[in-house]
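**Student:** Compact mmCIF, C-alpha atoms and all ligand atoms, file start36.txt:
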# COMPACT_ATOMS: atom_id res chain seq x y z
CA MET G 194 113.69 117.95 67.50
CA THR G 195 110.48 117.68 69.49
CA VAL G 196 109.10 120.78 71.14
CA ILE G 197 109.44 120.80 74.95
CA ARG G 198 106.34 122.47 76.35
CA PHE G 199 106.84 124.44 79.57
CA SER G 200 103.58 126.15 78.82
CA ARG G 201 100.76 124.41 80.69
CA GLY G 202 99.85 123.25 84.21
CA VAL G 203 97.50 120.43 83.26
CA PRO G 204 97.49 117.17 85.28
CA PRO G 205 99.17 114.23 83.55
CA PRO G 206 96.72 111.43 82.60
CA GLU G 207 98.47 109.19 85.15
CA ALA G 208 97.10 111.43 87.93
CA ILE G 209 93.46 111.17 86.82
CA PRO G 210 91.70 107.92 87.83
CA ALA G 211 89.49 107.83 84.73
CA ALA G 212 88.41 104.18 84.94
CA ALA G 213 87.46 104.42 88.62
CA LEU G 214 85.59 107.65 87.96
CA ALA G 215 83.64 106.05 85.11
CA GLU G 216 82.60 103.19 87.38
CA LEU G 217 81.60 105.50 90.17
CA THR G 218 79.64 107.75 87.81
CA ALA G 219 77.71 104.80 86.37
CA ALA G 220 76.74 103.66 89.87
CA ILE G 221 75.54 107.17 90.82
CA VAL G 222 73.51 107.54 87.65
CA ALA G 223 71.96 104.10 88.16
CA GLU G 224 70.92 105.00 91.67
CA HIS G 225 70.06 108.72 91.41
CA GLY G 226 69.56 109.27 87.66
CA PRO G 227 66.47 111.50 87.71
CA ALA G 228 67.88 113.87 90.35
CA MET G 229 71.25 114.01 88.59
CA PHE G 230 69.61 115.13 85.34
CA GLN G 231 67.16 117.61 86.88
CA TYR G 232 67.80 121.23 87.92
CA PRO G 233 69.25 121.25 91.41
CA PRO G 234 67.49 123.36 94.06
CA ILE G 235 67.85 127.11 93.71
CA GLY G 236 67.41 129.96 96.16
CA ARG G 237 70.85 130.70 97.62
CA HIS G 238 71.89 127.12 96.98
CA LEU G 239 75.40 126.47 98.34
CA GLY G 240 75.91 123.16 96.51
CA ASP G 241 75.41 119.43 97.12
CA PRO G 242 74.84 118.99 100.89
CA ARG G 243 76.79 115.72 101.07
CA LEU G 244 79.78 117.27 99.30
CA ARG G 245 79.66 120.32 101.58
CA THR G 246 79.52 118.09 104.65
CA LEU G 247 82.57 116.13 103.47
CA VAL G 248 84.52 119.27 102.62
CA GLY G 249 83.46 120.78 105.94
CA GLN G 250 84.78 117.71 107.78
CA THR G 251 88.08 117.89 105.90
CA TYR G 252 88.63 121.49 106.95
CA GLY G 253 86.92 121.31 110.34
CA VAL G 254 84.25 123.86 109.43
CA ASP G 255 80.47 123.98 109.34
CA PRO G 256 79.03 122.82 105.96
CA ASP G 257 77.17 126.14 105.78
CA ALA G 258 80.55 127.83 105.39
CA VAL G 259 81.26 125.85 102.18
CA PHE G 260 80.17 127.31 98.83
CA VAL G 261 80.64 124.91 95.89
CA THR G 262 81.38 126.09 92.34
CA ASN G 263 82.22 124.67 88.92
CA GLY G 264 85.96 124.75 89.58
CA SER G 265 87.75 127.04 92.04
CA LEU G 266 88.43 129.67 89.38
CA GLN G 267 84.69 130.32 89.28
CA ALA G 268 84.68 130.79 93.06
CA LEU G 269 87.50 133.32 92.65
CA ASP G 270 85.53 135.22 90.04
CA ILE G 271 82.48 135.42 92.29
CA LEU G 272 84.62 136.46 95.26
CA ALA G 273 86.17 139.17 93.11
CA ALA G 274 82.70 140.40 92.15
CA HIS G 275 81.79 140.44 95.85
CA PHE G 276 84.86 142.23 97.20
CA LEU G 277 85.64 144.50 94.25
CA ASP G 278 82.20 145.93 93.63
CA GLY G 279 82.59 149.71 93.40
CA PRO G 280 85.17 152.28 92.30
CA ASP G 281 88.83 152.58 93.22
CA LYS G 282 89.42 149.03 94.48
CA LEU G 283 92.91 147.72 95.20
CA VAL G 284 94.16 144.12 95.18
CA TYR G 285 97.59 142.96 96.30
CA VAL G 286 98.87 139.83 94.63
CA GLU G 287 102.15 137.97 94.67
CA GLY G 288 104.67 138.81 91.97
CA PRO G 289 104.67 136.48 90.10
CA THR G 290 101.09 135.26 90.56
CA TYR G 291 98.56 132.96 88.86
CA ASP G 292 97.91 134.70 85.55
CA ARG G 293 94.18 133.99 85.39
CA ALA G 294 93.64 135.42 88.88
CA ALA G 295 95.35 138.69 87.97
CA ARG G 296 93.21 138.92 84.81
CA ILE G 297 90.00 138.40 86.86
CA PHE G 298 90.84 141.23 89.27
CA GLU G 299 91.71 143.49 86.35
CA ARG G 300 88.45 142.59 84.60
CA TYR G 301 86.54 143.86 87.65
CA GLY G 302 88.35 147.17 87.27
CA ALA G 303 90.56 146.90 90.36
CA ARG G 304 94.08 148.25 90.54
CA VAL G 305 96.27 145.18 90.91
CA VAL G 306 99.68 145.57 92.55
CA SER G 307 102.22 142.80 93.03
CA ILE G 308 104.40 142.22 96.09
CA PRO G 309 107.60 140.29 95.30
CA VAL G 310 107.91 136.58 96.09
CA ALA G 311 111.19 135.14 97.45
CA GLY G 312 112.13 131.51 98.06
CA ASP G 313 110.01 131.48 101.25
CA GLY G 314 107.03 133.35 99.83
CA ILE G 315 105.71 136.89 99.62
CA ASP G 316 107.89 139.68 101.01
CA VAL G 317 105.98 140.48 104.22
CA ASP G 318 108.15 143.55 105.01
CA GLU G 319 107.12 145.05 101.71
CA LEU G 320 103.52 144.00 102.39
CA ARG G 321 103.64 145.78 105.76
CA ARG G 322 104.91 148.97 104.08
CA ARG G 323 102.21 148.72 101.43
CA VAL G 324 99.29 148.14 103.81
CA SER G 325 100.38 150.97 106.09
CA ASP G 326 100.34 153.14 102.98
CA ARG G 327 96.97 151.88 101.75
CA VAL G 328 94.81 149.01 103.01
CA PRO G 329 93.80 146.79 100.07
CA ASP G 330 90.27 145.58 99.36
CA LEU G 331 91.69 142.07 98.93
CA LEU G 332 94.96 140.16 99.16
CA TYR G 333 95.27 137.08 96.97
CA THR G 334 97.90 134.45 97.72
CA ILE G 335 98.76 130.89 96.63
CA PRO G 336 100.71 129.85 99.74
CA ASP G 337 101.42 126.21 98.85
CA PHE G 338 103.59 125.20 95.86
CA GLN G 339 102.61 128.43 94.20
CA ASN G 340 101.50 128.55 90.61
CA PRO G 341 103.71 129.76 88.95
CA SER G 342 106.89 129.74 91.10
CA GLY G 343 106.56 126.51 93.12
CA VAL G 344 107.35 128.51 96.29
CA THR G 345 105.68 127.74 99.64
CA LEU G 346 105.04 130.52 102.15
CA SER G 347 107.01 129.86 105.35
CA GLU G 348 105.20 129.58 108.67
CA PRO G 349 106.66 132.79 110.20
CA LYS G 350 105.62 134.73 107.11
CA ARG G 351 102.16 133.16 107.27
CA ARG G 352 101.79 134.37 110.83
CA GLU G 353 102.89 137.89 109.94
CA LEU G 354 100.58 138.03 106.91
CA VAL G 355 97.59 136.94 109.01
CA ARG G 356 98.54 139.41 111.75
CA LEU G 357 98.57 142.25 109.21
CA ALA G 358 95.23 141.12 107.75
CA ALA G 359 93.68 141.08 111.22
CA SER G 360 95.10 144.39 112.38
CA TYR G 361 94.40 146.33 109.15
CA GLY G 362 91.12 144.50 108.46
CA PHE G 363 91.56 143.37 104.85
CA PRO G 364 90.27 140.04 103.50
CA VAL G 365 92.70 137.41 102.27
CA VAL G 366 92.01 134.70 99.70
CA GLU G 367 94.31 131.67 100.04
CA ASP G 368 94.09 129.58 96.88
CA ILE G 369 95.37 126.07 97.64
CA PRO G 370 94.76 123.65 94.72
CA TYR G 371 98.24 122.07 95.10
CA ARG G 372 98.45 121.87 98.89
CA GLU G 373 97.81 118.12 99.12
CA LEU G 374 100.44 117.34 96.50
CA ARG G 375 103.29 117.43 99.01
CA PHE G 376 106.10 114.96 98.22
CA ARG G 377 108.02 115.33 101.49
CA GLY G 378 108.17 117.37 104.69
CA ASN G 379 105.36 118.80 106.78
CA ALA G 380 102.85 121.37 105.66
CA PRO G 381 102.75 124.71 107.47
CA PRO G 382 99.25 125.63 108.75
CA ARG G 383 96.75 127.10 106.34
CA LEU G 384 96.33 130.84 106.75
CA ALA G 385 92.72 130.30 107.85
CA GLU G 386 93.95 128.01 110.65
CA ILE G 387 96.28 130.59 112.14
CA SER G 388 93.81 133.07 113.60
CA SER G 389 90.08 133.64 113.50
CA ASP G 390 90.73 137.38 113.90
CA ALA G 391 91.53 137.66 110.19
CA ASN G 392 89.02 137.21 107.36
CA VAL G 393 90.71 134.41 105.38
CA ILE G 394 88.76 132.70 102.61
CA THR G 395 90.13 129.34 101.52
CA LEU G 396 89.73 128.29 97.89
CA GLY G 397 89.96 124.56 97.24
CA SER G 398 89.71 122.41 94.15
CA LEU G 399 89.38 118.78 93.13
CA SER G 400 91.16 119.52 89.84
CA LYS G 401 94.66 118.50 90.91
CA VAL G 402 93.69 115.72 93.32
CA LEU G 403 90.99 113.96 91.29
CA SER G 404 89.94 115.44 87.94
CA PRO G 405 89.88 118.91 86.41
CA GLY G 406 87.15 117.85 83.97
CA LEU G 407 84.63 117.41 86.77
CA ARG G 408 84.97 121.16 87.45
CA VAL G 409 84.46 120.99 91.20
CA GLY G 410 85.89 123.67 93.47
CA TYR G 411 84.76 125.53 96.56
CA ALA G 412 85.23 128.57 98.75
CA ILE G 413 85.27 128.32 102.54
CA THR G 414 84.14 131.50 104.20
CA ASP G 415 81.64 132.55 106.88
CA PRO G 416 78.04 131.30 106.39
CA ASP G 417 76.70 134.78 105.70
CA THR G 418 79.23 135.48 102.94
CA ALA G 419 78.63 131.97 101.52
CA LEU G 420 74.93 132.83 101.09
CA ARG G 421 75.79 136.13 99.43
CA LEU G 422 78.12 134.35 97.01
CA ALA G 423 75.36 131.81 96.26
CA GLU G 424 72.96 134.62 95.52
CA ARG G 425 75.39 136.12 93.00
CA SER G 426 76.09 132.76 91.37
CA GLU G 427 72.41 131.96 90.95
CA GLY G 428 72.03 134.99 88.71
CA ILE G 429 74.82 133.71 86.47
CA TYR G 430 74.53 129.91 86.22
CA LEU G 431 71.82 128.85 88.73
CA SER G 432 73.94 126.22 90.47
CA PRO G 433 76.94 123.92 90.09
CA VAL G 434 76.52 120.65 88.14
CA PRO G 435 74.75 117.94 90.22
CA LEU G 436 76.45 114.91 88.68
CA SER G 437 79.96 116.30 89.09
CA GLN G 438 79.30 117.18 92.71
CA ALA G 439 77.86 113.74 93.44
CA VAL G 440 80.90 112.08 91.85
CA ALA G 441 83.23 114.31 93.85
CA ALA G 442 81.37 113.51 97.07
CA GLU G 443 81.54 109.78 96.46
CA ALA G 444 85.23 109.99 95.53
CA LEU G 445 85.93 111.80 98.81
CA ALA G 446 83.76 109.48 100.95
CA GLY G 447 84.88 106.22 99.31
CA GLY G 448 88.62 106.93 99.42
CA LEU G 449 89.25 107.50 95.70
CA VAL G 450 90.64 110.99 96.29
CA LYS G 451 93.00 109.65 98.91
CA SER G 452 94.26 106.72 96.82
CA ASN G 453 94.61 108.95 93.77
CA LEU G 454 96.64 111.44 95.78
CA ASP G 455 99.02 108.64 96.74
CA THR G 456 99.32 107.63 93.08
CA ALA G 457 99.83 111.23 91.94
CA ARG G 458 102.50 111.90 94.58
CA GLU G 459 104.40 108.72 93.71
CA PHE G 460 104.24 109.62 90.02
CA LEU G 461 105.26 113.25 90.47
CA ARG G 462 108.00 112.96 93.12
CA PRO G 463 110.70 111.57 90.77
CA ARG G 464 109.77 114.11 88.13
CA HIS G 465 110.12 116.89 90.70
CA ASP G 466 113.49 115.60 91.91
CA ALA G 467 114.84 115.26 88.39
CA ALA G 468 113.54 118.71 87.46
CA VAL G 469 115.17 120.36 90.49
CA GLY G 470 118.42 118.49 89.71
CA ALA G 471 118.43 119.65 86.09
CA VAL G 472 117.70 123.29 86.96
CA ARG G 473 120.39 123.32 89.68
CA ALA G 474 122.96 121.80 87.39
CA LEU G 475 122.26 123.95 84.34
CA LEU G 476 120.78 127.22 85.64
CA GLY G 477 122.26 127.25 89.16
CA GLU G 478 121.32 130.31 91.22
CA ALA G 479 118.26 130.98 89.07
CA LEU G 480 116.26 128.38 91.00
CA MET G 481 113.81 130.17 93.33
CA SER G 482 113.20 127.27 95.73
CA VAL G 483 113.02 123.49 96.01
CA PRO G 484 109.22 123.10 95.96
CA ASP G 485 108.89 119.52 97.30
CA GLY G 486 105.37 119.46 95.91
CA GLY G 487 102.99 120.73 93.26
CA TYR G 488 103.66 121.07 89.55
CA TYR G 489 106.12 123.93 89.12
CA VAL G 490 109.73 124.95 89.45
CA GLY G 491 110.31 128.70 89.12
CA VAL G 492 113.48 130.43 87.96
CA GLN G 493 114.56 134.02 87.59
CA VAL G 494 117.08 134.56 84.85
CA ASP G 495 118.96 137.40 83.26
CA PRO G 496 117.85 136.97 79.65
CA GLY G 497 120.35 139.46 78.20
CA THR G 498 117.51 140.67 75.97
CA ASP G 499 113.88 141.73 76.18
CA GLU G 500 111.16 139.25 77.03
CA ASP G 501 109.64 138.89 73.55
CA THR G 502 113.04 138.25 71.99
CA PHE G 503 113.84 135.68 74.67
CA VAL G 504 110.55 133.80 74.17
CA GLU G 505 111.12 133.87 70.40
CA LYS G 506 114.66 132.51 70.84
CA ALA G 507 113.24 129.74 73.04
CA LYS G 508 110.66 128.96 70.38
CA GLN G 509 113.40 128.66 67.77
CA ALA G 510 115.19 126.27 70.15
CA GLU G 511 111.94 124.22 70.29
CA VAL G 512 110.95 125.27 73.82
CA ALA G 513 107.43 126.61 74.43
CA LEU G 514 107.37 129.10 77.33
CA ILE G 515 105.17 131.58 79.09
CA ALA G 516 107.45 134.29 80.44
CA SER G 517 107.14 136.99 83.12
CA SER G 518 104.48 139.36 81.78
CA ALA G 519 101.57 136.95 82.05
CA PHE G 520 102.29 136.37 85.73
CA TYR G 521 102.29 140.02 86.78
CA PRO G 522 99.65 142.75 86.76
CA ARG G 523 99.32 144.26 83.29
CA ALA G 524 100.22 147.69 84.68
CA GLU G 525 103.63 146.35 85.74
CA MET G 526 104.55 144.80 82.40
CA GLY G 527 108.27 145.03 81.73
CA ALA G 528 109.00 146.56 85.15
CA TYR G 529 110.95 143.60 86.60
CA GLU G 530 114.71 143.28 86.56
CA ARG G 531 114.99 139.60 85.80
CA LEU G 532 112.81 137.39 83.66
CA PHE G 533 110.64 134.94 85.54
CA LEU G 534 110.08 131.53 83.95
CA ARG G 535 107.55 128.94 85.08
CA LEU G 536 108.79 125.42 84.48
CA PRO G 537 106.00 122.85 84.97
CA PHE G 538 107.46 119.37 85.48
CA GLN G 539 104.30 117.30 85.94
CA SER G 540 103.76 116.41 82.30
CA LEU G 541 107.37 115.97 81.18
CA SER G 542 109.57 112.92 81.67
CA PRO G 543 112.89 113.65 83.42
CA ALA G 544 114.70 113.35 80.08
CA GLU G 545 112.31 115.74 78.34
CA PHE G 546 112.55 118.26 81.18
CA ARG G 547 116.36 118.16 81.12
CA THR G 548 116.44 118.61 77.36
CA GLY G 549 114.23 121.68 77.77
CA ILE G 550 116.56 123.13 80.41
CA GLU G 551 119.63 122.42 78.27
CA ARG G 552 118.04 124.36 75.43
CA LEU G 553 117.13 127.24 77.76
CA ALA G 554 120.57 127.30 79.37
CA ALA G 555 122.09 127.78 75.94
CA ILE G 556 120.14 131.01 75.43
CA VAL G 557 120.34 132.42 78.99
CA ARG G 558 123.38 134.58 79.65
C1 LIG G 601 96.49 128.69 91.64
C2 LIG G 601 95.35 128.15 90.86
N1 LIG G 601 94.12 128.51 91.19
C3 LIG G 601 93.05 128.05 90.54
C4 LIG G 601 93.18 127.18 89.47
C5 LIG G 601 91.95 126.71 88.74
O1 LIG G 601 91.49 125.55 89.30
P1 LIG G 601 90.08 124.93 88.97
O2 LIG G 601 90.31 123.87 87.96
O3 LIG G 601 89.58 124.41 90.27
O4 LIG G 601 89.18 126.02 88.43
C6 LIG G 601 94.45 126.76 89.08
C7 LIG G 601 94.62 125.85 87.93
O5 LIG G 601 95.67 125.61 87.42
C8 LIG G 601 95.57 127.26 89.79
O6 LIG G 601 96.82 126.91 89.48
Let me see the file written as structure tokens.
**Tutor:**
Amino acid sequence: MTVIRFSRGVPPPEAIPAAALAELTAAIVAEHGPAMFQYPPIGRHLGDPRLRTLVGQTYGVDPDAVFVTNGSLQALDILAAHFLDGPDKLVYVEGPTYDRAARIFERYGARVVSIPVAGDGIDVDELRRRVSDRVPDLLYTIPDFQNPSGVTLSEPKRRELVRLAASYGFPVVEDIPYRELRFRGNAPPRLAEISSDANVITLGSLSKVLSPGLRVGYAITDPDTALRLAERSEGIYLSPVPLSQAVAAEALAGGLVKSNLDTAREFLRPRHDAAVGAVRALLGEALMSVPDGGYYVGVQVDPGTDEDTFVEKAKQAEVALIASSAFYPRAEMGAYERLFLRLPFQSLSPAEFRTGIERLAAIVR
């Protein structure tokens, strides 16, 4: 039996245009070699101006509001340092949430509290109760095809979340690396598009639309905050990598990102449909939502045992899994009623995915 790996959210090679990127890189090096291999400017440097202009155009914002980093996770780390500097900080996250994000907030010493996610996103009634109890220093959400659950936040809930952020005055980070990987239907507005009364910072990434190896991500915020983030980053790594940024800019300007997105969507759509079909057929009600995009299907199951035993049973059945704990704040470990499982479909053929679900179904009550 081969092991079915439900353990990682890495793009499949089919969704990375390696040959086109190599060509483009060679052309950039031939034309701008010396600048590409020199230190980039420092002194509150926000990133490659051409890249920031292109990102700014995409989002309809001033390039001075765009702060480029080596991958969006780095932007999140610097934002966490910015917002969580000082004692007794509180962050609300979705439960489940992106594991690395929760670990970053914890590393900065914040208290991290999760708000449950349903099929249409975070429970805004619970959020309202929580913020009236205590206003957080930050709310972190992945509103589109969430990692790990695949859930998309509905438009009415988006509006209520933004209304709460504006009226209670807490900043929101919307992390949207999967947003463009929509297979069907229309996207609800980004949180930052809903109202300028709320402080919403958008985190974007080229990892899932072009290449994760380039390590190009960005934060969109107000120009003053962008400069403050740049100041912090300079003390850590001086600046993002010039060559990667130039490649990203050319891929955006020349249409490679767009054509690769089409390729990735075509490749992923049948995998998504087959994955949803297999989960529905074999795990039924456990399915949290039909994502219609992204990389992940999420399920909540009654394991009939504790989490470690369940993961071990899965391992014996040749299924590699990351279960609930990783996707919740550490302080909440073991506090959930049902076990959450993230089922990434992007790197498994429909047959492999189904085999994995058959093996899981045999050990779920
Ligand atoms: C929700 C979320 N945020 C951020 C990242 C990290 O992206 P990047 O490669 O841009 O650092 C990922 C990667 O899987 C992710 O799923």
**Student:** Can you check which parts of range 389-447 of chain G lie within 12 Å of range 342-353 of chain G? Per residue, the shortest pair of atoms and distance in Å to one decimal, counting all atoms listed in the file, sorted by chain and number, as a tab-separated table.
**Tutor:**
residue	atom	partner	partner_atom	distance
G:Asp390	CA	G:Arg352	CA	11.9
G:Ala391	CA	G:Arg352	CA	10.8
G:Val393	CA	G:Arg351	CA	11.7
**Student:** With all atoms listed in the file as the atoms that count, which of G:Glu551, G:Asp313, G:Asp278, G:Asp326 lies nearest to Val472 in chain G?
**Tutor:** G:Glu551
**Student:** To one decimal place, how far is CA of Ala273 in chain G from atom C7 of ligand LIG 601 (chain G) in Å?
**Tutor:**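 One can read the CA of Ala273 in chain G to atom C7 of ligand LIG 601 (chain G) distance as 16.6 Å.
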**Student:** Show which residues sit within 12 Å of Ser452 in chain G, as a PyMOL selection string. Count all atoms listed in the file, and ignore same-chain residues fewer than 5 positions away.
**Tutor:** chain G and resi 208-210+213+402-403+444-447+457-459
**Student:** Considering only C-alpha atoms and all ligand atoms, state which residue in the set G:Asp368, G:Asp495, G:Asp466, G:Glu511 is at the smallest distance from ligand LIG 601 (chain G).
**Tutor:** G:Asp368
**Student:** Using CA of Leu354 in chain G and CA of Leu320 in chain G as the two end points, give the distance in Å to one decimal.
**Tutor:**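 Between CA of Leu354 in chain G and CA of Leu320 in chain G the gap is 8.0 Å.
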**Student:** Under the rule that all atoms listed in the file are counted, which of G:Asp241, G:Glu207, G:Asp281, G:Glu299 is the nearest residue to Pro256 in chain G?
**Tutor:** G:Asp241
**Student:** Please indicate the distance in Å from CA of Leu449 in chain G to CA of Pro463 in chain G, rounded to one decimal place.
**Tutor:** 22.4 Å
**Student:** Skipping near chain neighbours, those fewer than 2 positions away, what residues fall within 12 Å of Arg464 in chain G using all atoms listed in the file, listed as a PyMOL selection string?
**Tutor:** chain G and resi 205+376+457-462+466-471+484-490+536-547
**Student:** Around (112.3, 132.7, 88.9) in the file's own coordinates, what residues are found within 9 Å if you use only C-alpha atoms, given back as a CSV table (one decimal) with C-alpha atoms, in the coordinates of the input?
**Tutor:**
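The result, written out as point-v1.csv:
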chain,number,residue,atom,x,y,z
G,289,PRO,CA,104.7,136.5,90.1
G,311,ALA,CA,111.2,135.1,97.4
G,342,SER,CA,106.9,129.7,91.1
G,479,ALA,CA,118.3,131.0,89.1
G,480,LEU,CA,116.3,128.4,91.0
G,481,MET,CA,113.8,130.2,93.3
G,482,SER,CA,113.2,127.3,95.7
G,490,VAL,CA,109.7,125.0,89.4
G,491,GLY,CA,110.3,128.7,89.1
G,492,VAL,CA,113.5,130.4,88.0
G,493,GLN,CA,114.6,134.0,87.6
G,494,VAL,CA,117.1,134.6,84.8
G,517,SER,CA,107.1,137.0,83.1
G,531,ARG,CA,115.0,139.6,85.8
G,532,LEU,CA,112.8,137.4,83.7
G,533,PHE,CA,110.6,134.9,85.5
G,534,LEU,CA,110.1,131.5,84.0
G,535,ARG,CA,107.6,128.9,85.1
**Student:** With 4 Å of padding per side, what axis-aligned box (centre and edge lengths, Å, one decimal) covers all the listed atoms of ligand LIG 601 (chain G)? Give it as lines of an AutoDock Vina configuration file.
**Tutor:**
center_x = 93.0
center_y = 126.3
center_z = 89.5
size_x = 15.6
size_y = 12.8
size_z = 12.2
**Student:** Nearest to ligand LIG 601 (chain G) among G:Ala228, G:Ala419, G:Val409, G:Leu217, with distances taken over all atoms listed in the file: which residue is it?
**Tutor:**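 Among G:Ala228, G:Ala419, G:Val409, G:Leu217, it is G:Val409 that comes nearest to ligand LIG 601 (chain G).
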**Student:** Under the rule that only C-alpha atoms and all ligand atoms are counted, which of G:Asp257, G:Asp330, G:Glu367, G:Asp316 is the nearest residue to ligand LIG 601 (chain G)?
**Tutor:**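 Checking each candidate against ligand LIG 601 (chain G), we get G:Glu367 as the closest.
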**Student:** Which one is closest to Asn379 in chain G: G:Pro280, G:Leu396, G:Gly406, G:Asp337? Count all atoms listed in the file.
**Tutor:** G:Asp337
**Student:** If we count all atoms listed in the file and set the cut-off at 8 Å, which residues sit around Val504 in chain G, ignoring sequence neighbours fewer than 6 positions away in its own chain? Please answer as a VMD selection string.
**Tutor:** chain G and resid 513 to 516
**Student:** Enumerate, as a ChimeraX atom specification, the protein, DNA and RNA residues whose atoms approach (96.3, 134.8, 98.8) to within 8 Å, taking into account only C-alpha atoms and the coordinate frame of the file.
**Tutor:** /G:286-287,332-336,365-368
